[in-house]
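Next comes coords13.txt, with compact mmCIF, C-alpha atoms.
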```
# COMPACT_ATOMS: atom_id res chain seq x y z
CA MET S 1 -208.26 -118.64 -75.48
CA TYR S 2 -205.90 -118.03 -78.33
CA LEU S 3 -202.30 -117.06 -77.77
CA GLN S 4 -200.19 -115.43 -80.40
CA ILE S 5 -196.47 -114.84 -80.33
CA ASN S 6 -195.05 -111.84 -82.13
CA PHE S 7 -191.29 -111.99 -82.49
CA LYS S 8 -191.22 -108.43 -83.78
CA SER S 9 -192.56 -106.98 -80.53
CA GLY S 10 -189.10 -107.17 -78.99
CA MET S 11 -190.66 -108.54 -75.80
CA PRO S 12 -189.30 -111.82 -74.37
CA VAL S 13 -191.49 -114.70 -75.57
CA TYR S 14 -192.34 -116.01 -72.09
CA LEU S 15 -193.51 -112.51 -71.08
CA GLN S 16 -195.83 -112.38 -74.07
CA VAL S 17 -197.46 -115.57 -72.81
CA VAL S 18 -197.67 -114.15 -69.24
CA ASP S 19 -199.25 -110.91 -70.46
CA GLN S 20 -201.78 -112.60 -72.72
CA ILE S 21 -202.97 -114.94 -69.99
CA LYS S 22 -203.23 -112.04 -67.55
CA ALA S 23 -205.22 -110.10 -70.14
CA ALA S 24 -207.51 -113.09 -70.74
CA ALA S 25 -208.12 -113.29 -66.98
CA ALA S 26 -208.80 -109.55 -66.67
CA SER S 27 -211.26 -109.54 -69.57
CA GLY S 28 -213.14 -112.62 -68.35
CA VAL S 29 -212.11 -114.88 -71.24
CA LEU S 30 -210.56 -117.05 -68.52
CA LYS S 31 -212.39 -117.42 -65.21
CA ALA S 32 -211.34 -118.68 -61.80
CA GLY S 33 -211.10 -122.47 -61.96
CA ASP S 34 -210.74 -122.60 -65.75
CA PRO S 35 -207.98 -124.94 -66.95
CA LEU S 36 -205.03 -123.53 -68.87
CA PRO S 37 -203.73 -125.32 -71.94
CA CYS S 38 -201.18 -127.99 -71.02
CA ILE S 39 -197.56 -127.03 -71.58
CA ARG S 40 -196.66 -129.60 -74.23
CA PRO S 41 -199.55 -129.08 -76.70
CA LEU S 42 -199.35 -125.31 -76.26
CA ALA S 43 -195.60 -125.29 -76.96
CA GLU S 44 -196.13 -127.52 -80.00
CA GLU S 45 -198.95 -125.35 -81.30
CA LEU S 46 -197.03 -122.08 -80.91
CA ARG S 47 -193.86 -123.85 -82.01
CA VAL S 48 -191.89 -122.34 -79.16
CA ASN S 49 -189.48 -123.95 -76.75
CA ARG S 50 -191.29 -126.05 -74.15
CA ASN S 51 -189.24 -124.39 -71.41
CA THR S 52 -190.50 -120.96 -72.49
CA ILE S 53 -194.09 -121.96 -71.72
CA ALA S 54 -192.99 -123.63 -68.46
CA LYS S 55 -191.21 -120.41 -67.47
CA ALA S 56 -194.33 -118.34 -68.24
CA TYR S 57 -196.51 -120.68 -66.16
CA SER S 58 -194.15 -120.67 -63.19
CA GLU S 59 -194.04 -116.85 -63.38
CA LEU S 60 -197.86 -116.76 -63.38
CA GLU S 61 -197.89 -119.14 -60.43
CA ASN S 62 -195.47 -116.94 -58.48
CA MET S 63 -197.72 -113.95 -59.14
CA GLY S 64 -200.69 -115.93 -57.82
CA VAL S 65 -202.55 -115.80 -61.14
CA ILE S 66 -202.64 -119.56 -61.67
CA GLU S 67 -202.15 -122.66 -59.58
CA THR S 68 -200.85 -126.12 -60.44
CA GLN S 69 -202.82 -129.10 -59.24
CA GLN S 70 -200.57 -132.14 -59.16
CA GLY S 71 -201.35 -134.40 -62.09
CA ARG S 72 -204.27 -132.29 -63.28
CA GLY S 73 -202.57 -129.28 -64.83
CA CYS S 74 -202.80 -125.54 -64.32
CA PHE S 75 -205.90 -123.57 -63.41
CA LEU S 76 -206.75 -119.91 -63.12
CA LYS S 77 -206.96 -118.78 -59.51
CA GLY S 78 -209.59 -116.54 -58.00
CA ASN S 79 -208.80 -112.85 -58.01
CA ASN S 80 -207.09 -112.76 -54.63
CA SER S 81 -203.43 -111.94 -55.02
CA PRO S 82 -201.26 -113.23 -52.17
CA LEU S 83 -199.33 -109.95 -52.31
CA LYS S 84 -200.01 -107.11 -49.89
CA LYS S 85 -201.91 -104.08 -51.12
CA ASP S 86 -198.88 -101.74 -51.06
CA VAL S 87 -196.79 -104.25 -53.04
CA ARG S 88 -199.55 -104.56 -55.63
CA ARG S 89 -199.79 -100.77 -55.83
CA LYS S 90 -196.05 -100.46 -56.28
CA MET S 91 -196.08 -102.99 -59.13
CA LEU S 92 -198.85 -101.08 -60.84
CA ILE S 93 -197.09 -97.73 -60.33
CA GLU S 94 -194.08 -99.00 -62.26
CA GLU S 95 -196.32 -99.88 -65.20
CA ILE S 96 -198.16 -96.56 -65.02
CA ASP S 97 -194.88 -94.64 -64.97
CA GLN S 98 -193.79 -96.44 -68.10
CA ALA S 99 -197.06 -95.62 -69.82
CA ILE S 100 -196.74 -91.96 -68.79
CA VAL S 101 -193.22 -91.78 -70.24
CA GLN S 102 -194.51 -93.37 -73.43
CA ALA S 103 -197.42 -90.88 -73.49
CA HIS S 104 -194.98 -88.00 -73.23
CA HIS S 105 -193.03 -89.26 -76.24
CA LEU S 106 -196.21 -89.77 -78.22
CA GLN S 107 -197.39 -86.25 -77.35
CA VAL S 108 -200.42 -87.40 -75.36
CA GLY S 109 -201.12 -84.96 -72.51
CA ARG S 110 -202.35 -85.56 -68.95
CA GLU S 111 -206.06 -84.93 -69.63
CA GLU S 112 -206.08 -87.05 -72.74
CA PHE S 113 -204.18 -89.83 -70.99
CA ILE S 114 -206.69 -89.98 -68.12
CA GLU S 115 -209.57 -89.93 -70.61
CA LEU S 116 -207.95 -92.85 -72.41
CA VAL S 117 -207.61 -94.81 -69.17
CA GLN S 118 -211.35 -94.31 -68.51
CA GLU S 119 -212.11 -95.45 -72.02
CA ARG S 120 -210.00 -98.59 -71.68
CA PHE S 121 -211.69 -99.49 -68.38
CA ASP S 122 -215.04 -99.23 -70.20
CA VAL S 123 -213.81 -101.42 -73.05
CA LEU S 124 -212.59 -104.09 -70.64
CA ASP S 125 -215.88 -103.96 -68.68
CA GLN S 126 -217.77 -104.40 -71.89
CA LYS S 127 -215.65 -107.41 -72.85
CA ARG S 128 -216.15 -108.98 -69.45
CA ARG S 129 -219.94 -108.50 -69.67
CA SER S 130 -220.15 -109.97 -73.16
CA SER S 131 -218.01 -112.97 -72.23
CA VAL S 132 -220.31 -113.63 -69.24
CA ALA S 133 -223.32 -113.41 -71.55
CA GLY S 134 -221.60 -115.74 -74.03
CA LYS S 135 -220.88 -118.34 -71.35
CA GLU S 136 -224.47 -118.26 -70.09
CA GLU S 137 -225.76 -118.88 -73.59
CA GLU S 138 -223.43 -121.85 -73.93
CA SER S 139 -224.72 -123.54 -70.81
CA MET P 1 -171.25 -133.49 -63.96
CA SER P 2 -172.15 -130.30 -62.14
CA SER P 3 -175.19 -128.46 -63.40
CA SER P 4 -173.16 -125.44 -64.44
CA GLU P 5 -170.84 -127.44 -66.68
CA PRO P 6 -171.74 -126.92 -70.34
CA VAL P 7 -173.03 -129.92 -72.30
CA VAL P 8 -171.01 -128.77 -75.29
CA ASN P 9 -167.78 -126.87 -74.78
CA VAL P 10 -165.78 -126.03 -77.88
CA GLU P 11 -162.64 -123.97 -77.37
CA ASN P 12 -160.52 -122.47 -80.11
CA LEU P 13 -161.54 -125.19 -82.57
CA THR P 14 -159.66 -125.13 -85.88
CA TYR P 15 -160.17 -127.58 -88.70
CA THR P 16 -158.65 -127.35 -92.16
CA TYR P 17 -159.60 -129.50 -95.16
CA GLY P 18 -156.81 -130.43 -97.55
CA ARG P 19 -154.62 -127.59 -98.65
CA GLY P 20 -155.37 -124.37 -96.85
CA ALA P 21 -159.13 -124.40 -97.23
CA GLU P 22 -160.01 -123.59 -93.63
CA ALA P 23 -163.45 -124.71 -92.55
CA VAL P 24 -163.42 -123.63 -88.92
CA HIS P 25 -161.06 -121.16 -87.35
CA GLY P 26 -160.71 -120.51 -83.62
CA LEU P 27 -164.35 -121.27 -82.80
CA ASN P 28 -165.66 -121.06 -79.22
CA LEU P 29 -169.04 -122.51 -78.34
CA LYS P 30 -170.70 -123.23 -75.00
CA VAL P 31 -174.10 -124.90 -74.74
CA GLN P 32 -175.63 -125.09 -71.26
CA PRO P 33 -177.83 -128.04 -70.22
CA GLY P 34 -181.50 -127.83 -71.15
CA ARG P 35 -181.03 -125.16 -73.76
CA CYS P 36 -181.81 -125.07 -77.44
CA TYR P 37 -178.80 -123.60 -79.19
CA GLY P 38 -178.80 -122.45 -82.80
CA LEU P 39 -175.76 -122.51 -85.03
CA PHE P 40 -176.58 -120.19 -87.91
CA GLY P 41 -174.54 -119.69 -91.05
CA ARG P 42 -174.62 -119.72 -94.80
CA ASN P 43 -173.63 -122.80 -96.76
CA GLY P 44 -169.95 -123.42 -96.17
CA ALA P 45 -169.78 -121.35 -92.97
CA GLY P 46 -168.38 -124.33 -91.04
CA LYS P 47 -171.51 -125.55 -89.23
CA THR P 48 -171.33 -129.16 -90.39
CA THR P 49 -167.58 -129.32 -89.78
CA THR P 50 -168.16 -128.16 -86.20
CA ILE P 51 -170.83 -130.80 -85.60
CA LYS P 52 -168.65 -133.51 -87.15
CA CYS P 53 -165.90 -132.57 -84.69
CA LEU P 54 -168.38 -133.05 -81.81
CA LEU P 55 -169.05 -136.57 -83.14
CA ASN P 56 -165.37 -137.35 -83.71
CA LEU P 57 -166.12 -137.85 -87.40
CA LEU P 58 -163.43 -135.24 -87.89
CA ARG P 59 -160.49 -134.64 -85.59
CA PRO P 60 -159.75 -131.04 -84.68
CA GLN P 61 -156.26 -129.90 -85.56
CA LYS P 62 -156.31 -127.27 -82.85
CA GLY P 63 -158.40 -126.52 -79.81
CA SER P 64 -160.56 -128.77 -77.68
CA VAL P 65 -164.01 -130.26 -78.04
CA ARG P 66 -165.72 -131.48 -74.89
CA VAL P 67 -169.20 -132.99 -74.70
CA PHE P 68 -170.77 -133.74 -71.28
CA GLY P 69 -167.38 -132.71 -69.89
CA LEU P 70 -165.73 -135.60 -71.78
CA ASP P 71 -163.17 -135.47 -74.55
CA ALA P 72 -164.91 -135.99 -77.90
CA VAL P 73 -161.90 -137.92 -79.28
CA LYS P 74 -160.75 -140.00 -76.29
CA ASP P 75 -164.17 -140.71 -74.83
CA GLU P 76 -165.98 -141.10 -78.14
CA THR P 77 -168.16 -144.05 -77.09
CA ALA P 78 -169.23 -142.52 -73.77
CA VAL P 79 -170.12 -139.28 -75.56
CA LYS P 80 -172.02 -140.98 -78.36
CA SER P 81 -174.04 -143.16 -75.99
CA ARG P 82 -175.65 -140.00 -74.64
CA LEU P 83 -176.48 -138.16 -77.83
CA GLY P 84 -178.77 -138.42 -80.82
CA TYR P 85 -177.86 -137.11 -84.25
CA VAL P 86 -179.84 -136.21 -87.35
CA PRO P 87 -177.42 -135.50 -90.21
CA ASP P 88 -178.16 -133.33 -93.24
CA GLN P 89 -177.82 -136.33 -95.57
CA VAL P 90 -179.73 -139.23 -94.10
CA ALA P 91 -178.66 -142.72 -95.20
CA PHE P 92 -179.77 -146.16 -94.05
CA TYR P 93 -179.04 -149.70 -95.20
CA PRO P 94 -181.40 -149.90 -98.18
CA TRP P 95 -182.20 -153.60 -97.72
CA MET P 96 -183.57 -153.08 -94.21
CA SER P 97 -187.16 -152.19 -93.46
CA VAL P 98 -187.94 -149.23 -91.21
CA GLN P 99 -188.59 -151.60 -88.29
CA GLU P 100 -185.37 -153.56 -88.93
CA THR P 101 -183.50 -150.26 -89.02
CA PHE P 102 -184.89 -149.29 -85.61
CA ASP P 103 -184.13 -152.74 -84.14
CA TYR P 104 -180.60 -152.61 -85.58
CA LEU P 105 -179.95 -149.12 -84.19
CA ALA P 106 -181.55 -150.01 -80.83
CA SER P 107 -179.10 -152.92 -80.48
CA PHE P 108 -176.28 -150.38 -80.03
CA ARG P 109 -178.14 -148.53 -77.30
CA ASP P 110 -178.59 -149.11 -73.56
CA HIS P 111 -182.07 -147.67 -73.73
CA TRP P 112 -184.72 -147.42 -76.44
CA ASN P 113 -188.20 -146.08 -75.79
CA LYS P 114 -190.56 -148.34 -77.77
CA GLU P 115 -193.54 -146.19 -76.88
CA ILE P 116 -192.00 -143.12 -78.53
CA GLU P 117 -191.14 -145.27 -81.56
CA ARG P 118 -194.75 -146.46 -81.93
CA GLY P 119 -196.20 -143.00 -81.25
CA LEU P 120 -194.06 -141.24 -83.82
CA LEU P 121 -194.48 -143.96 -86.47
CA SER P 122 -198.21 -143.43 -86.26
CA ARG P 123 -197.93 -139.64 -86.08
CA PHE P 124 -195.82 -139.59 -89.24
CA GLN P 125 -198.01 -142.30 -90.82
CA LEU P 126 -194.96 -144.39 -91.60
CA ASP P 127 -195.31 -148.04 -92.56
CA ALA P 128 -192.58 -149.81 -90.56
CA SER P 129 -192.53 -152.79 -92.93
CA ARG P 130 -191.35 -150.74 -95.91
CA LYS P 131 -187.74 -150.89 -97.06
CA THR P 132 -185.81 -147.71 -96.29
CA ALA P 133 -184.68 -147.61 -99.95
CA VAL P 134 -188.17 -146.66 -101.12
CA LEU P 135 -188.74 -143.85 -98.61
CA SER P 136 -189.00 -140.23 -99.72
CA LYS P 137 -186.48 -137.69 -98.47
CA GLY P 138 -189.01 -136.42 -95.94
CA GLN P 139 -189.76 -139.91 -94.66
CA ARG P 140 -186.04 -140.71 -94.35
CA THR P 141 -185.62 -137.61 -92.18
CA GLN P 142 -188.60 -138.70 -90.07
CA VAL P 143 -187.06 -142.14 -89.56
CA ALA P 144 -183.75 -140.49 -88.61
CA LEU P 145 -185.54 -138.24 -86.11
CA ILE P 146 -187.36 -141.18 -84.49
CA ALA P 147 -184.06 -143.07 -84.30
CA ALA P 148 -182.39 -140.04 -82.67
CA ILE P 149 -185.15 -139.49 -80.09
CA CYS P 150 -185.97 -143.09 -79.02
CA PRO P 151 -182.77 -143.54 -76.96
CA GLU P 152 -183.90 -140.39 -75.09
CA PRO P 153 -180.45 -138.80 -75.27
CA ASP P 154 -179.26 -135.87 -73.16
CA LEU P 155 -178.17 -134.04 -76.31
CA LEU P 156 -179.83 -133.88 -79.70
CA LEU P 157 -177.58 -132.76 -82.57
CA LEU P 158 -179.47 -131.58 -85.63
CA ASP P 159 -177.47 -130.66 -88.72
CA GLU P 160 -179.57 -128.74 -91.27
CA PRO P 161 -182.41 -131.13 -90.41
CA THR P 162 -185.17 -129.46 -92.39
CA SER P 163 -183.37 -128.34 -95.55
CA GLY P 164 -185.08 -129.55 -98.69
CA LEU P 165 -188.20 -130.84 -96.92
CA ASP P 166 -191.76 -129.78 -97.60
CA PRO P 167 -193.47 -127.36 -95.18
CA ILE P 168 -195.65 -130.00 -93.53
CA VAL P 169 -192.75 -132.32 -92.78
CA ARG P 170 -190.73 -129.34 -91.48
CA ARG P 171 -193.55 -128.27 -89.19
CA GLU P 172 -194.01 -131.78 -87.81
CA PHE P 173 -190.27 -132.12 -87.33
CA ILE P 174 -190.12 -129.08 -85.08
CA GLU P 175 -193.27 -130.04 -83.17
CA THR P 176 -191.74 -133.46 -82.52
CA VAL P 177 -188.54 -131.94 -81.20
CA ILE P 178 -190.58 -129.75 -78.80
CA GLY P 179 -193.07 -132.44 -77.82
CA ALA P 180 -191.61 -135.92 -77.97
CA TYR P 181 -188.02 -134.91 -77.17
CA GLN P 182 -188.07 -131.83 -74.93
CA ASP P 183 -191.11 -132.76 -72.87
CA GLY P 184 -189.64 -136.12 -71.80
CA ASN P 185 -187.24 -134.65 -69.26
CA PRO P 186 -187.84 -130.92 -69.22
CA GLY P 187 -184.91 -128.74 -68.35
CA ASN P 188 -182.31 -131.41 -69.10
CA ARG P 189 -182.77 -132.09 -72.79
CA THR P 190 -180.26 -130.09 -74.75
CA ILE P 191 -180.51 -129.31 -78.45
CA LEU P 192 -177.85 -128.03 -80.82
CA VAL P 193 -179.27 -127.26 -84.24
CA SER P 194 -177.39 -125.94 -87.24
CA THR P 195 -179.53 -124.31 -89.88
CA HIS P 196 -179.92 -121.50 -92.33
CA LEU P 197 -183.72 -121.84 -92.19
CA ILE P 198 -183.81 -119.64 -89.14
CA THR P 199 -187.43 -118.50 -89.19
CA GLU P 200 -188.91 -121.90 -88.46
CA PHE P 201 -186.66 -122.43 -85.44
CA GLU P 202 -187.21 -118.90 -84.10
CA GLY P 203 -189.45 -119.92 -81.20
CA LEU P 204 -187.26 -122.82 -80.20
CA ILE P 205 -183.92 -121.06 -79.99
CA ASP P 206 -182.71 -119.85 -76.56
CA GLU P 207 -179.28 -118.78 -77.69
CA PHE P 208 -177.38 -118.74 -80.97
CA THR P 209 -174.05 -118.25 -82.67
CA ILE P 210 -173.82 -116.84 -86.18
CA MET P 211 -170.86 -118.28 -88.10
CA ASP P 212 -169.25 -116.94 -91.22
CA GLY P 213 -166.12 -118.17 -92.95
CA GLY P 214 -165.44 -120.62 -90.11
CA ARG P 215 -165.52 -117.92 -87.44
CA SER P 216 -168.06 -116.86 -84.88
CA VAL P 217 -169.55 -113.48 -85.82
CA LEU P 218 -172.12 -113.06 -83.07
CA THR P 219 -173.29 -115.01 -79.99
CA LEU P 220 -176.41 -113.85 -78.16
CA GLU P 221 -179.50 -114.96 -76.26
CA ALA P 222 -182.50 -114.84 -78.60
CA ASP P 223 -184.62 -112.57 -76.38
CA ALA P 224 -181.70 -110.21 -75.79
CA ALA P 225 -180.99 -110.12 -79.53
CA ARG P 226 -184.57 -109.14 -80.38
CA ASP P 227 -184.37 -106.46 -77.69
CA ARG P 228 -181.11 -105.01 -79.01
CA TYR P 229 -181.72 -105.18 -82.73
CA GLN P 230 -184.53 -102.83 -83.65
CA LYS P 231 -185.84 -101.35 -86.85
CA ILE P 232 -186.99 -97.74 -86.52
CA ARG P 233 -189.21 -96.20 -89.19
CA VAL P 234 -189.75 -92.43 -89.12
CA ARG P 235 -191.68 -90.10 -91.39
CA PHE P 236 -191.12 -86.37 -91.00
CA THR P 237 -193.59 -83.66 -92.04
CA ASP P 238 -190.93 -81.96 -94.17
CA ALA P 239 -187.45 -82.97 -95.14
CA ILE P 240 -185.38 -85.25 -92.91
CA PRO P 241 -183.62 -83.02 -90.35
CA GLU P 242 -179.95 -83.14 -89.42
CA LEU P 243 -179.57 -86.07 -87.03
CA ASN P 244 -176.69 -87.86 -85.43
CA LEU P 245 -177.20 -91.39 -86.73
CA GLU P 246 -173.81 -92.82 -85.82
CA ALA P 247 -175.44 -95.41 -83.57
CA ALA P 248 -177.37 -96.93 -86.48
CA LEU P 249 -176.13 -100.07 -88.22
CA ARG P 250 -177.98 -99.22 -91.37
CA VAL P 251 -179.60 -96.02 -92.64
CA GLN P 252 -182.01 -95.81 -95.54
CA ARG P 253 -183.60 -92.56 -96.74
CA ARG P 254 -186.65 -92.35 -98.96
CA GLY P 255 -187.92 -88.79 -99.37
CA ARG P 256 -189.34 -87.79 -95.97
CA GLU P 257 -188.91 -91.31 -94.63
CA LEU P 258 -186.04 -92.72 -92.73
CA GLU P 259 -185.45 -96.37 -91.87
CA LEU P 260 -182.81 -97.28 -89.34
CA VAL P 261 -181.50 -100.52 -87.98
CA VAL P 262 -179.91 -100.25 -84.55
CA ASN P 263 -177.97 -102.66 -82.42
CA GLY P 264 -178.48 -101.28 -78.92
CA GLY P 265 -178.72 -97.54 -78.34
CA GLY P 266 -182.27 -97.51 -79.71
CA PRO P 267 -183.85 -95.50 -76.86
CA GLU P 268 -181.27 -92.67 -77.10
CA LEU P 269 -181.71 -92.46 -80.84
CA LEU P 270 -185.50 -92.47 -80.46
CA ALA P 271 -185.29 -89.59 -77.97
CA ARG P 272 -183.24 -87.55 -80.46
CA ILE P 273 -185.73 -88.27 -83.24
CA GLN P 274 -188.68 -87.28 -81.00
CA GLN P 275 -187.22 -83.79 -80.63
CA HIS P 276 -187.95 -83.20 -84.31
CA ASP P 277 -191.68 -83.96 -83.95
CA PRO P 278 -191.93 -86.70 -86.55
CA GLU P 279 -195.24 -87.31 -88.31
CA SER P 280 -195.04 -91.00 -87.50
CA LEU P 281 -192.59 -93.21 -85.68
CA THR P 282 -192.65 -96.97 -85.29
CA THR P 283 -190.17 -99.48 -83.95
CA GLU P 284 -190.09 -103.23 -84.24
CA ALA P 285 -187.64 -105.91 -83.23
CA LEU P 286 -185.68 -107.69 -85.93
CA THR P 287 -186.39 -111.38 -86.24
CA LEU P 288 -183.46 -113.76 -85.79
CA GLU P 289 -183.28 -114.16 -89.56
CA GLU P 290 -183.07 -110.38 -90.07
CA ILE P 291 -180.42 -110.18 -87.35
CA PHE P 292 -178.50 -112.90 -89.21
CA VAL P 293 -178.68 -110.99 -92.50
CA ASN P 294 -177.62 -107.74 -90.83
CA ALA P 295 -174.76 -109.35 -88.92
CA LEU P 296 -173.34 -110.78 -92.15
CA LYS P 297 -173.83 -107.52 -94.07
CA VAL P 298 -171.89 -105.53 -91.50
CA GLN P 299 -169.26 -108.25 -91.68
CA ALA P 300 -168.94 -107.81 -95.44
CA VAL P 301 -168.28 -104.03 -95.25
```

Take the structure in the file and write it out as structure tokens.
Amino acid sequence: MYLQINFKSGMPVYLQVVDQIKAAAASGVLKAGDPLPCIRPLAEELRVNRNTIAKAYSELENMGVIETQQGRGCFLKGNNSPLKKDVRRKMLIEEIDQAIVQAHHLQVGREEFIELVQERFDVLDQKRRSSVAGKEEES
Amino acid sequence: MSSSEPVVNVENLTYTYGRGAEAVHGLNLKVQPGRCYGLFGRNGAGKTTTIKCLLNLLRPQKGSVRVFGLDAVKDETAVKSRLGYVPDQVAFYPWMSVQETFDYLASFRDHWNKEIERGLLSRFQLDASRKTAVLSKGQRTQVALIAAICPEPDLLLLDEPTSGLDPIVRREFIETVIGAYQDGNPGNRTILVSTHLITEFEGLIDEFTIMDGGRSVLTLEADAARDRYQKIRVRFTDAIPELNLEAALRVQRRGRELELVVNGGGPELLARIQQHDPESLTTEALTLEEIFVNALKVQAV
């Protein structure tokens, strides 16, 4: 997994790390039980504040995406969020609303937006399948 | 010391060199524990003077300088025992070897982490038996950094640490500050770095103050700054329409293209631009270096 920080995105650095790890988990690049890079080498490599990475990891832990095993580091958790279904839906709704507002400003209509969502689901599925295939070849 | 008390607390600091040449005027600075704080400014902005006042190398004529809640002048020894310092001009006793220099400096300290010393000597590929007189500028800075980190101080003061060094040494310097220093006691290791090489410290900085002419021009959290300062690029199908651009810091027109720099108020301005159906519209955050340049430009007007 490669992380990349873009200071021009205007997004807080720790959130960029959170989002990229969530994306890696969703696309199958990271699987349940996979270790995450340790905080110190990752901070050194990205040349960002150590506390920024620590903040990202503790955020991911609160969301139930990763877990810390004492003395062994952080690992990706299975896909069972500790949050209740309605809470998870509410979190997603906020993101969808933002995307809809953005779509409005970019003159992308309802039909086209829904088409795009379908398309992105397909892309992610494809990625997940190919990363499974890749891992099987490795072993 | 309570956790909310700042590690560095400078209030209304004024220092004047000789006749009238004022180096720092009415400066306020608060650095909270565990943070990495950037002091940005051009040459002569008063950064080094400020840091020298923290170290009691210079005595403020007005205002107060407190470090760890202690008075930098009255409690000089107590303050210095808890900080490490890498100056812009590194100097050692030329007749001492690197190892003798470390042993000499360690003799003034309550605590000296030998393991860090060994680890960094090997990382920097430094030969500890060499005399400091024959070291290159980069190697002297590396020795100074090791000497500043080995006592594992609560505060690391870096004054233009990477100026004049080659890119590899600069990169290693920053990685060492993140790894060997910060990781040792996460959340409690505080860094105050003065620099005009802002780009390389971008990822490390939590909060910063831009200084100019001895005064503070702007103090912000780095993430908040990148959120507030945005560059908007618009291309219209025809000519640029009439727009209220008062909110923009800077406006540049090139034919059908418009480039704006905003400090807050970006979303409102974007909404107004959208109403004119632009052909393309992109926004990006300014980097800390661009924010620095813009802050000083506005200052000059």

Write out as number ranges by chain every residue belonging to chain S that has an atom at most 10 Å from any atom of chain P, counting all atoms listed in the file.
S: 5-14, 39-52, 54, 105-107

For CA of Leu269 in chain P and CA of Val234 in chain P, the interatomic separation in Å (one decimal)
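Going from CA of Leu269 in chain P over to CA of Val234 in chain P covers 11.5 Å.
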
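Near Ala24 in chain S, within 12 Å and counting all atoms listed in the file, sit S:Met1, S:Tyr2, S:Leu3, S:Val17, S:Val18, S:Asp19, S:Gln20, S:Ile21, S:Ser27, S:Gly28, S:Val29, S:Leu30, S:Lys31, S:Ala32, S:Asp34, S:Leu36, S:Val65, S:Leu76, S:Leu124, S:Lys127, S:Arg128, S:Ser131, not including residues fewer than 3 positions from it in the same chain.
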
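With all atoms listed in the file as the atoms that count, the minimum distance from His25 in chain P to the choices P:Gly265, P:Pro151, P:Gly214, P:Pro60 is reached by P:Gly214.
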
Name all residues at most 9 Å from Gly63 in chain P (count all atoms listed in the file; drop same-chain ones fewer than 3 positions away) and give them as a list in words.
Val10, Glu11, Asn12, Leu13, Thr14, Gly26, Leu27 and Pro60 of chain P

Select all residues near (-192.1, -129.0, -97.2) (cut-off 12 Å, inclusive, file coordinates), counting all atoms listed in the file, and output them as a PyMOL selection string.
chain P and resi 136-139+141+162-173+200

Who sits within 12 Å of Val123 in chain S, all atoms listed in the file, same chain under 6 positions skipped, as a short mmCIF file (atom, residue, chain, number, x, y, z; two decimals) with C-alpha atoms, in the frame of the given file:
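Output below, filename selection_22.cif:
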```cif
data_model
loop_
_atom_site.label_atom_id
_atom_site.label_comp_id
_atom_site.auth_asym_id
_atom_site.auth_seq_id
_atom_site.Cartn_x
_atom_site.Cartn_y
_atom_site.Cartn_z
CA ALA S 26 -208.80 -109.55 -66.67
CA SER S 27 -211.26 -109.54 -69.57
CA LEU S 116 -207.95 -92.85 -72.41
CA VAL S 117 -207.61 -94.81 -69.17
CA ARG S 129 -219.94 -108.50 -69.67
CA SER S 130 -220.15 -109.97 -73.16
#
```

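The space separating CA of Ile51 in chain P from CA of Val31 in chain P comes to 12.8 Å.
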
For Phe75 in chain S, find every residue with an atom within 7 Å (counting only C-alpha atoms), except residues of its own chain fewer than 6 positions away, and show them as a PyMOL selection string.
chain S and resi 33-36+66-68

Compile the contact shell of range 45-50 of chain P as a PyMOL selection string: residues with an atom at most 10 Å away, counting only C-alpha atoms, same-chain residues fewer than 6 positions apart removed.
chain P and resi 10+13-17+22-25+27+29+39+56-60+65+87-88+158-160+193-196+210-216

In Å to one decimal, how far is CA of Ser129 in chain P from CA of Glu100 in chain P?
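Calculated distance between CA of Glu100 in chain P and CA of Ser129 in chain P is 8.2 Å.
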